[in-house]
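Down below is the structure, laid out as structure tokens.
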Amino acid sequence: MDLGMVGLGRMGHNMAERLRAGGHRVVGYDLSPENRDVDTLEALRDALPAPRAVWVMVPAGAPTQATVAQLAEVLEPGDLVIDGGNSRFTQDRPNAELLAEKGIDYVDVGVSGGVWGRAEGYAMMAGGSDEAIARLLPVLDTLRPEGPREESFVHAGPVGSGHYTKMVHNGIEYAIMQAYAEGYELLTTQDELVPDVPAVFKAWQRGTVVRSWLLELMVRALEEDPELDAIEGYAEDSGEGRWTVEEGIRNAVPLHTIAASLFARFESRQEESQAMKAIAALRQQFGGHAVKPAD
């Protein structure tokens with residue numbers, strides 16, 4: 001399948017490479033000349049056979065909205081736009097309505113997999129019509145890991161549901177990371193009783209009820225820097241944790257651990273913390289997020 005991709009940063013580039021390796025033709029446009037195959041969105045359109053599918057991977061918020069608005073003027077009836085970034089779900093319906101005026105379909109896809117997705121595959125949550133999702137299945141099946149489709153992909157519902165479920169996914173991710181980090185910090189206080197904390201985390205990878213991919217990444221981070229001395233205990237939040245907590249408030253759903261993990265990230269910006277060093281290390285491991293080097 002031919003696919004246009006707008007936004008060839010790290011994530012977009014990795015996804016494009018996985019698709020190309022799977023036999024798809026990907027034509028990319030990016031603001032950076034060194035990252036693109038064509039120089040304009042019009043050239044992207046002309047390079048693809050109709051009806052076209054264009055996957056948008058640009059920063060959430062105004063950049064995504066501006067890109068969708070530009071594509072509404074460039075693409076043609078019957079084409080399809082996919083927002084695969086971390087947009088807030090409330091932006092999806094306005095995007096879909098704007099494109100629908102031009103006869104262009106819209107799908108929102110929440111993507112999880114970080115920097116490892118190129119090799120391991122991406123888990124995806126999609127929102128949109130049955131027809132649009134069916135049209136995209138060859139692309140989605142190439143991007144996801146091997147195995148049963150239902151274990152790494154879900155057509156979550158109508159437009160907006162893909163980003164909504166990814167938002168909740170990331171809220172849960174915040175809480176799991178915080179639990180590992182707090183356990184790590186407690187263990188580091190017991191030098192005589194537990195002299196090798198990285199060995200403890202490594203032993204939890206098989207057979208325990210707390211095993212997970214995030215735990216494996218925690219072990220990897222500790223193997224690289226057992227005391228996490230090379231980074232500051234400072235962790236940003238991408239916005240989705242905040243949106244999840246706001247949804248909990250709006251729907252009167254108590255989100256104790258997710259809210260606490262979000263507030264812990266705020267605390268990390270005020271003082272040094274071993275727990276927040278662990279959070280920063282985990283974010284770097286799974287997503288390639290920048291960390292602050294220790295002084």
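Quick note on naming: the chains in the structure tokens go A, B, ... in the order shown, residues restart at 1 in each chain, and ligands are numbered from 1 in order of appearance.
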Filtered DSSP result for region 9-85 of chain A, state alpha helix (DSSP H), as a ChimeraX atom specification: /A:10-21,41-47,62-74
Hey, can you spit out that residue selection with N, CA and C atoms as a tab-separated table (two decimals), in the first residue's frame?
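The new file selection_0.tsv reads:
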```
chain	number	residue	atom	x	y	z
A	10	ARG	N	11.72	11.33	14.99
A	10	ARG	CA	12.19	9.99	15.37
A	10	ARG	C	11.09	8.94	15.23
A	11	MET	N	9.90	9.23	15.80
A	11	MET	CA	8.83	8.25	15.76
A	11	MET	C	8.34	8.02	14.33
A	12	GLY	N	8.10	9.11	13.59
A	12	GLY	CA	7.64	8.98	12.23
A	12	GLY	C	8.64	8.25	11.35
A	13	HIS	N	9.91	8.55	11.53
A	13	HIS	CA	10.96	7.89	10.75
A	13	HIS	C	10.97	6.39	11.03
A	14	ASN	N	10.89	6.02	12.31
A	14	ASN	CA	10.91	4.60	12.67
A	14	ASN	C	9.70	3.86	12.10
A	15	MET	N	8.53	4.51	12.14
A	15	MET	CA	7.34	3.88	11.59
A	15	MET	C	7.47	3.73	10.07
A	16	ALA	N	7.98	4.76	9.42
A	16	ALA	CA	8.15	4.69	7.97
A	16	ALA	C	9.11	3.57	7.59
A	17	GLU	N	10.18	3.40	8.34
A	17	GLU	CA	11.15	2.35	8.04
A	17	GLU	C	10.54	0.97	8.24
A	18	ARG	N	9.71	0.80	9.26
A	18	ARG	CA	9.05	-0.50	9.48
A	18	ARG	C	8.09	-0.80	8.32
A	19	LEU	N	7.37	0.22	7.87
A	19	LEU	CA	6.44	0.04	6.76
A	19	LEU	C	7.19	-0.31	5.48
A	20	ARG	N	8.27	0.38	5.21
A	20	ARG	CA	9.04	0.10	4.00
A	20	ARG	C	9.61	-1.32	4.04
A	21	ALA	N	10.08	-1.73	5.22
A	21	ALA	CA	10.60	-3.08	5.35
A	21	ALA	C	9.50	-4.12	5.12
A	41	LEU	N	3.39	19.70	0.46
A	41	LEU	CA	2.24	18.81	0.61
A	41	LEU	C	1.59	18.53	-0.74
A	42	GLU	N	1.63	19.50	-1.64
A	42	GLU	CA	1.10	19.28	-2.98
A	42	GLU	C	1.89	18.19	-3.70
A	43	ALA	N	3.20	18.21	-3.53
A	43	ALA	CA	4.04	17.18	-4.15
A	43	ALA	C	3.77	15.81	-3.52
A	44	LEU	N	3.50	15.82	-2.22
A	44	LEU	CA	3.14	14.57	-1.54
A	44	LEU	C	1.86	14.00	-2.14
A	45	ARG	N	0.87	14.86	-2.32
A	45	ARG	CA	-0.39	14.44	-2.94
A	45	ARG	C	-0.15	13.85	-4.32
A	46	ASP	N	0.63	14.54	-5.13
A	46	ASP	CA	0.84	14.13	-6.51
A	46	ASP	C	1.64	12.84	-6.62
A	47	ALA	N	2.41	12.52	-5.57
A	47	ALA	CA	3.24	11.32	-5.60
A	47	ALA	C	2.46	10.06	-5.22
A	62	ALA	N	-1.51	22.72	18.26
A	62	ALA	CA	-1.56	23.63	17.11
A	62	ALA	C	-0.85	23.07	15.88
A	63	PRO	N	0.34	22.42	16.01
A	63	PRO	CA	0.98	21.88	14.81
A	63	PRO	C	0.12	20.85	14.08
A	64	THR	N	-0.52	19.96	14.84
A	64	THR	CA	-1.38	18.96	14.20
A	64	THR	C	-2.60	19.61	13.56
A	65	GLN	N	-3.23	20.54	14.28
A	65	GLN	CA	-4.42	21.19	13.74
A	65	GLN	C	-4.09	21.96	12.46
A	66	ALA	N	-2.94	22.64	12.44
A	66	ALA	CA	-2.54	23.38	11.25
A	66	ALA	C	-2.26	22.43	10.09
A	67	THR	N	-1.65	21.29	10.38
A	67	THR	CA	-1.36	20.32	9.33
A	67	THR	C	-2.64	19.74	8.73
A	68	VAL	N	-3.59	19.41	9.60
A	68	VAL	CA	-4.87	18.88	9.11
A	68	VAL	C	-5.58	19.92	8.25
A	69	ALA	N	-5.55	21.18	8.69
A	69	ALA	CA	-6.19	22.25	7.90
A	69	ALA	C	-5.53	22.39	6.53
A	70	GLN	N	-4.22	22.27	6.48
A	70	GLN	CA	-3.52	22.35	5.19
A	70	GLN	C	-3.87	21.17	4.30
A	71	LEU	N	-3.94	19.98	4.89
A	71	LEU	CA	-4.29	18.80	4.11
A	71	LEU	C	-5.72	18.87	3.58
A	72	ALA	N	-6.60	19.53	4.33
A	72	ALA	CA	-7.98	19.70	3.86
A	72	ALA	C	-8.03	20.48	2.56
A	73	GLU	N	-7.07	21.38	2.38
A	73	GLU	CA	-7.03	22.20	1.17
A	73	GLU	C	-6.26	21.52	0.03
A	74	VAL	N	-5.43	20.55	0.37
A	74	VAL	CA	-4.55	19.93	-0.62
A	74	VAL	C	-5.12	18.61	-1.15
```
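For His289 (chain A), the non-local neighbours within 10 Å, defined as residues at least 4 positions apart in the same chain or in other chains and counting only C-alpha atoms, are A:Gly114, A:Val115, A:Ala235, A:Glu236, A:Ala280, A:Ala281, A:Leu282, A:Arg283, A:Gln284, A:Gln285.
CA of Ser87 (chain A) is found 19.1 Å from CA of Ala132 (chain A).
Here the question is which of A:Arg52, A:Arg118, A:Arg88, A:Arg144 gets nearest to Gly239 (chain A) using only C-alpha atoms, and that residue is A:Arg88.
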Could you work out how far CA of Gly157 (chain A) lies from CA of Pro77 (chain A), giving the answer in Å with one decimal? 23.2 Å
Taking the chain letters and numbering used in this document, name the residues of region 29-185 of chain A that DSSP puts in strand (DSSP E or B), as a ChimeraX atom specification. /A:29,53-56,80-83,105-112,123-127,153-157
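Nearest residue to Ala259 (chain A) among A:Ala175, A:Val210, A:Ala203, A:Ile231 is A:Ala175, counting only C-alpha atoms.
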All residues 8 Å or closer to region 182-194 of chain A, only C-alpha atoms, same chain fewer than 4 positions away omitted, as an NGL selection string: :A and (178 or 274-275 or 278)
Could the residues in this selection be saved with N, CA and C atoms as a PDB file, in the first residue's frame?
```pdb
ATOM      1  N   GLN A 178       5.659   5.015  38.432  1.00  0.00           N
ATOM      2  CA  GLN A 178       5.830   5.601  39.757  1.00  0.00           C
ATOM      3  C   GLN A 178       5.983   4.525  40.824  1.00  0.00           C
ATOM      4  N   GLN A 274      15.553  10.203  44.225  1.00  0.00           N
ATOM      5  CA  GLN A 274      15.967   8.954  43.588  1.00  0.00           C
ATOM      6  C   GLN A 274      14.806   8.344  42.807  1.00  0.00           C
ATOM      7  N   ALA A 275      13.575   8.464  43.338  1.00  0.00           N
ATOM      8  CA  ALA A 275      12.419   7.925  42.624  1.00  0.00           C
ATOM      9  C   ALA A 275      12.253   8.611  41.284  1.00  0.00           C
ATOM     10  N   ALA A 278      14.589   7.461  38.691  1.00  0.00           N
ATOM     11  CA  ALA A 278      14.121   6.224  38.067  1.00  0.00           C
ATOM     12  C   ALA A 278      13.073   6.509  36.998  1.00  0.00           C
TER      13      ALA A 278
END
```
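Shortest separation to Phe263 (chain A) among A:Pro49, A:Gly241, A:Gly127, A:Gly207 occurs at residue A:Gly241, atoms counted being only C-alpha atoms.
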